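Novice: Sharing a structure here in structure tokens format.
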Amino acid sequence: MKIAVLKETAGGERRVAATPETVKKFVALGADVAVERGAGATADIADQGYAEAGATLGDRAGVIADADILLGVQGPDPATLAGVKPGVWLAAGLNPFGERARVDAYAAAGIEALAMEFMPRITRAQSMDILSSQSNLSGYKAVLDAAAEYGRAFPMMMTAAGTVTAAKVFVMGVGVAGLQAIATARRLGAQVSATDVRSATKEQIQSLGAKPIFVENVAGIEGEGSGGYATEMSPEYQKAQAELVSGHIAKQDIVITTALIPGRAAPRLITDAQVATMRPGSVIVDLAVEQGGNVEGAVAGEVVERHGVKIVGHRNVPSRLAADASALFARNLYNFLSAFWDKEAGRPVLDAEIGDAIRLTKDGKVVNERLLG
């Protein structure tokens, strides 16, 4: 069983899909591991570290030759995978909805593509969930990015020259990223409030010491979708939510938005008119900017200013913490493959529940129901 670790080629991608720690664990399972030279350089991992862990090093062609499993962070260009053997697994974040043509190309090449972001949100798959591990770091980094752009301090400070008031931070969307943003902003001393369409998150917000901002007594408040994701709300709820949020946003110094719905454009949470109500020097961080953005006026890859308010739209936020993000991503992949490792067969054998959920292509065809439907 040969496992190949690919060097990322997407612009701005600094993560890597394996670390010396996970290479050593794969070798202990009985696998041969080949790593493309320089794969870990941008995540502060030298080739020597992989070699010492038991991996062989080579160029792309040499690494993928005879490989049974390819590991990546983002989906590689199919054109760079010429020569892979039919039926090879590709386990990575494949962005199936946004890169459908690439998925079709994997099918045509005979690759069995496994989209790690389609991992079902069930208890036994928590340690394999790349969305959760990477979103956790995104929520943390969003607060640091906001602090870097904000021209004032976060905590209250009492000095001989007078008192500095605490920053007011509002987190919109209380998933994994939102919860970590709340916790980080609290640790920095800010006054934190948060909102979500899922009423079940109210207790989570309170448990972190933040103030919940929720619409009450309006139809459609239960926004729990399948797999723990938020779903779209009723028009009545959306109207009430917009009114409540408008009044709250005007009083905030920092707003962090994290709302995503799988397979759809990110919901619009903040309009240009609402941005205009914030005081000059305020900061908004839009973590959904690559999926269309929660904030009107946000630009992917840029920090723009509108009405005196900075709107931060960094791409690929986990990659801005490449070393830790890589370590967590690599463990997700190892936890996934090792959980299904068949010692007699010397390779992983997927079950139907998880295999059918993440498998995009097989035997030259696209087979995932979420793409066919």
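Residues in the structure tokens are numbered from 1 in each chain, the chains being A, B, ... in the order shown, and ligands are numbered from 1 in the order shown.
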Near range 39-49 of chain A, within 6 Å and counting only C-alpha atoms, which residues show up once chain neighbours fewer than 4 positions away are dropped, as a list in words?

Specialist: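 Neighbouring residues, sequence-local ones excluded: Lys7, Arg14, Arg15, Val16, Pro20, Ala322 and Ala323 of chain A.
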
Novice: Could you write those residues out with N, CA, C and O atoms, as a compact mmCIF listing (two decimals), in the first residue's frame?

Specialist:
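Result file is again.txt:
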# COMPACT_ATOMS: atom_id res chain seq x y z
N LYS A 7 2.41 17.99 -3.04
CA LYS A 7 2.70 19.39 -2.75
C LYS A 7 1.57 20.24 -3.31
O LYS A 7 1.14 20.04 -4.44
N ARG A 14 -0.69 27.24 1.84
CA ARG A 14 0.55 26.98 2.56
C ARG A 14 0.50 25.70 3.38
O ARG A 14 1.50 25.32 3.99
N ARG A 15 -0.65 25.05 3.42
CA ARG A 15 -0.79 23.83 4.21
C ARG A 15 -0.25 22.61 3.48
O ARG A 15 -0.01 22.65 2.28
N VAL A 16 -0.12 21.51 4.20
CA VAL A 16 0.31 20.24 3.62
C VAL A 16 -0.53 19.14 4.27
O VAL A 16 -0.98 19.27 5.41
N PRO A 20 5.39 14.80 9.59
CA PRO A 20 6.22 13.66 10.02
C PRO A 20 5.50 12.77 11.04
O PRO A 20 5.68 11.55 11.03
N ALA A 322 -0.45 28.08 8.93
CA ALA A 322 -0.17 26.86 8.16
C ALA A 322 0.34 25.69 8.99
O ALA A 322 -0.04 24.54 8.75
N ALA A 323 1.20 25.94 9.95
CA ALA A 323 1.78 24.83 10.71
C ALA A 323 0.72 24.10 11.53
O ALA A 323 0.61 22.87 11.46

Novice: Can you pull out every residue from range 191-310 of chain A that DSSP, working from the backbone, puts in alpha helix (DSSP H), and format the result as a list in words?

Specialist: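 Put together, the selection reads Lys202, Glu203, Gln204, Ile205, Gln206, Ser207, Pro235, Glu236, Tyr237, Gln238, Lys239, Ala240, Gln241, Ala242, Glu243, Leu244, Val245, Ser246, Gly247, His248, Ile249, Asp272, Ala273, Gln274, Val275, Ala276 and Thr277 of chain A.
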
Novice: Kindly save the residues from that selection, with C-alpha atoms included, as a compact mmCIF listing (two decimals), in the first residue's frame.

Specialist:
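result_32.txt, freshly written:
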# COMPACT_ATOMS: atom_id res chain seq x y z
CA LYS A 202 -28.08 30.23 22.77
CA GLU A 203 -26.76 28.12 25.64
CA GLN A 204 -23.41 27.68 23.91
CA ILE A 205 -23.06 31.45 23.57
CA GLN A 206 -23.89 31.97 27.24
CA SER A 207 -21.49 29.21 28.33
CA PRO A 235 -39.19 35.41 5.29
CA GLU A 236 -40.81 36.53 8.56
CA TYR A 237 -37.78 35.45 10.53
CA GLN A 238 -35.35 37.05 8.08
CA LYS A 239 -37.18 40.40 8.38
CA ALA A 240 -37.22 40.30 12.19
CA GLN A 241 -33.58 39.22 12.28
CA ALA A 242 -32.53 42.09 9.99
CA GLU A 243 -34.29 44.65 12.20
CA LEU A 244 -32.76 43.28 15.39
CA VAL A 245 -29.27 43.04 13.93
CA SER A 246 -29.38 46.53 12.40
CA GLY A 247 -29.90 48.13 15.79
CA HIS A 248 -27.16 46.01 17.35
CA ILE A 249 -24.50 46.38 14.64
CA ASP A 272 -24.07 48.37 2.85
CA ALA A 273 -26.65 50.49 4.70
CA GLN A 274 -25.89 48.60 7.92
CA VAL A 275 -22.14 49.06 7.41
CA ALA A 276 -22.80 52.82 7.13
CA THR A 277 -24.33 52.87 10.63

Novice: For range 257-298 of chain A against range 90-112 of chain A, with a cut-off of 12 Å and counting only C-alpha atoms, what is the closest atom pair and its distance in Å to one decimal for every residue that makes the cut, ordered by chain and number, as a tab-separated table?

Specialist:
residue	atom	partner	partner_atom	distance
A:Ile261	CA	A:Phe97	CA	11.8
A:Pro262	CA	A:Phe97	CA	8.7
A:Gly263	CA	A:Phe97	CA	5.9
A:Arg264	CA	A:Phe97	CA	8.4
A:Ala265	CA	A:Gly98	CA	10.1
A:Glu290	CA	A:Gly98	CA	10.4
A:Gln291	CA	A:Gly98	CA	8.9
A:Gly292	CA	A:Gly98	CA	11.4

Novice: What would the file look like if the residues just selected were written as a JSON list (two decimals), in the first residue's frame with all heavy atoms?

Specialist:
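Just written: result-v5.json:
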[["chain", "number", "residue", "atom", "x", "y", "z"],
["A", 261, "ILE", "N", -23.86, 27.95, 4.13],
["A", 261, "ILE", "CA", -24.80, 26.87, 3.89],
["A", 261, "ILE", "C", -24.17, 26.00, 2.80],
["A", 261, "ILE", "O", -23.91, 26.50, 1.70],
["A", 261, "ILE", "CB", -26.18, 27.39, 3.43],
["A", 261, "ILE", "CG1", -26.79, 28.28, 4.53],
["A", 261, "ILE", "CG2", -27.12, 26.23, 3.11],
["A", 261, "ILE", "CD1", -28.10, 28.94, 4.13],
["A", 262, "PRO", "N", -23.89, 24.72, 3.08],
["A", 262, "PRO", "CA", -23.18, 23.88, 2.10],
["A", 262, "PRO", "C", -23.89, 23.85, 0.75],
["A", 262, "PRO", "O", -25.10, 23.70, 0.66],
["A", 262, "PRO", "CB", -23.22, 22.49, 2.76],
["A", 262, "PRO", "CG", -23.33, 22.76, 4.22],
["A", 262, "PRO", "CD", -24.19, 23.99, 4.33],
["A", 263, "GLY", "N", -23.09, 24.03, -0.30],
["A", 263, "GLY", "CA", -23.62, 23.93, -1.65],
["A", 263, "GLY", "C", -24.33, 25.16, -2.16],
["A", 263, "GLY", "O", -24.85, 25.16, -3.28],
["A", 264, "ARG", "N", -24.38, 26.21, -1.36],
["A", 264, "ARG", "CA", -25.06, 27.43, -1.78],
["A", 264, "ARG", "C", -24.18, 28.64, -1.51],
["A", 264, "ARG", "O", -23.22, 28.57, -0.75],
["A", 264, "ARG", "CB", -26.38, 27.60, -1.02],
["A", 264, "ARG", "CG", -27.35, 26.43, -1.19],
["A", 264, "ARG", "CD", -28.70, 26.78, -0.60],
["A", 264, "ARG", "NE", -29.59, 25.63, -0.60],
["A", 264, "ARG", "CZ", -30.85, 25.69, -0.22],
["A", 264, "ARG", "NH1", -31.37, 26.84, 0.21],
["A", 264, "ARG", "NH2", -31.62, 24.61, -0.25],
["A", 265, "ALA", "N", -24.54, 29.74, -2.13],
["A", 265, "ALA", "CA", -23.83, 30.98, -1.84],
["A", 265, "ALA", "C", -24.05, 31.36, -0.38],
["A", 265, "ALA", "O", -25.10, 31.07, 0.19],
["A", 265, "ALA", "CB", -24.32, 32.09, -2.76],
["A", 290, "GLU", "N", -15.18, 33.87, 0.42],
["A", 290, "GLU", "CA", -14.88, 33.07, -0.76],
["A", 290, "GLU", "C", -16.11, 32.37, -1.33],
["A", 290, "GLU", "O", -16.09, 31.92, -2.47],
["A", 290, "GLU", "CB", -13.80, 32.03, -0.43],
["A", 290, "GLU", "CG", -12.43, 32.63, -0.19],
["A", 290, "GLU", "CD", -11.39, 31.61, 0.18],
["A", 290, "GLU", "OE1", -11.34, 31.20, 1.36],
["A", 290, "GLU", "OE2", -10.62, 31.19, -0.71],
["A", 291, "GLN", "N", -17.18, 32.30, -0.53],
["A", 291, "GLN", "CA", -18.43, 31.70, -1.01],
["A", 291, "GLN", "C", -19.47, 32.78, -1.34],
["A", 291, "GLN", "O", -20.67, 32.54, -1.29],
["A", 291, "GLN", "CB", -19.01, 30.74, 0.03],
["A", 291, "GLN", "CG", -18.42, 29.33, -0.04],
["A", 291, "GLN", "CD", -16.99, 29.28, 0.45],
["A", 291, "GLN", "OE1", -16.66, 29.81, 1.51],
["A", 291, "GLN", "NE2", -16.12, 28.64, -0.30],
["A", 292, "GLY", "N", -19.00, 33.97, -1.65],
["A", 292, "GLY", "CA", -19.90, 35.06, -2.01],
["A", 292, "GLY", "C", -20.04, 36.12, -0.95],
["A", 292, "GLY", "O", -20.47, 37.23, -1.24]]

Novice: Within 9 Å of Gly30 in chain A, counting only C-alpha atoms, which residues qualify if same-chain residues fewer than 6 places away don't, as a list in words?

Specialist: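 Here the answer would be Met1, Lys343, Gly346 and Arg347 of chain A.
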
Novice: Quick one: everything within 8 Å of Gly313 in chain A, counting only C-alpha atoms, minus sequence neighbours fewer than 6 positions away in the same chain. Send it as a list in words.

Specialist: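 Residues meeting the cut-off are Val285, Asp286, Leu287, Val289, Ala298, Val299, Ala300, Gly301, Glu302 and Val303 of chain A.
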
Novice: Using only C-alpha atoms, which of A:Ala200, A:Leu70, A:Gly54, A:Gly364 sits nearest Leu337 in chain A?

Specialist: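 Ranking A:Ala200, A:Leu70, A:Gly54, A:Gly364 by distance to Leu337 in chain A, first place goes to A:Leu70.
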
Novice: Which one is closest to Ala181 in chain A: A:Thr201, A:Thr361, A:Thr257, A:Thr163? Count only C-alpha atoms.

Specialist: A:Thr257

Novice: So how many Å separate CA of Val215 in chain A and CA of Pro280 in chain A, to one decimal?

Specialist: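 If I compute the distance from CA of Val215 in chain A to CA of Pro280 in chain A, I get 27.4 Å.
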
Novice: Record the distance separating CA of Tyr334 in chain A and CA of Pro120 in chain A, expressed in Å with one decimal.

Specialist: 16.5 Å

Novice: Grab the CA of Ala357 in chain A to CA of Ala113 in chain A distance for me, in Å with one decimal place.

Specialist: 11.6 Å

Novice: Do a neighbour search on Gly139 in chain A at 6 Å with only C-alpha atoms, toss out local chain neighbours closer than 4 positions, and write the hits as a list in words.

Specialist: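 Neighbouring residues, sequence-local ones excluded: Ala177, Gly178, Gln180 and Ala181 of chain A.
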
Novice: Store the residues picked out above, limited to N, CA, C and O atoms, as a compact mmCIF listing (two decimals), in the first residue's frame.

Specialist:
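So the final result, stored in selection-v6.txt, reads:
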# COMPACT_ATOMS: atom_id res chain seq x y z
N ALA A 177 -16.37 27.91 13.95
CA ALA A 177 -15.59 29.14 13.82
C ALA A 177 -16.13 30.23 14.75
O ALA A 177 -15.36 30.94 15.41
N GLY A 178 -17.44 30.37 14.80
CA GLY A 178 -18.04 31.39 15.64
C GLY A 178 -17.76 31.18 17.12
O GLY A 178 -17.47 32.13 17.85
N GLN A 180 -15.21 29.63 18.45
CA GLN A 180 -13.80 29.93 18.73
C GLN A 180 -13.56 31.45 18.68
O GLN A 180 -12.78 31.98 19.48
N ALA A 181 -14.27 32.15 17.79
CA ALA A 181 -14.14 33.61 17.74
C ALA A 181 -14.63 34.23 19.05
O ALA A 181 -14.00 35.16 19.57

Novice: Given the choices A:Glu305, A:Glu36, A:Asp253, A:Asp59, which gets closest to Ala146 in chain A if the distance is worked out from only C-alpha atoms?

Specialist: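 Under the stated criterion, the closest residue is A:Asp253.
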
Novice: Identify, with DSSP run on backbone atoms, the residues in range 177-207 of chain A assigned to strand (DSSP E), and express the list as a PDB file with C-alpha atoms, in the first residue's frame.

Specialist:
ATOM      1  CA  GLN A 191     -17.409  42.626  25.411  1.00  0.00           C
ATOM      2  CA  VAL A 192     -18.831  39.889  23.188  1.00  0.00           C
ATOM      3  CA  SER A 193     -22.308  39.208  21.822  1.00  0.00           C
ATOM      4  CA  ALA A 194     -23.391  36.667  19.237  1.00  0.00           C
ATOM      5  CA  THR A 195     -26.342  35.500  17.162  1.00  0.00           C
TER       6      THR A 195
END

Novice: Rank nothing, just name the residue among A:Glu21, A:Ala352, A:Asn335, A:Asp77 nearest to Met128 in chain A, using only C-alpha atoms.

Specialist: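 Closest to Met128 in chain A of all the choices is A:Asn335.
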
Novice: Just want the 12 Å neighbourhood of Ile182 in chain A, counted on only C-alpha atoms, with same-chain residues fewer than 6 positions away dropped. Output as an NGL selection string.

Specialist: :A and (136 or 138-144 or 168-176 or 188-195 or 204-212 or 254-258)
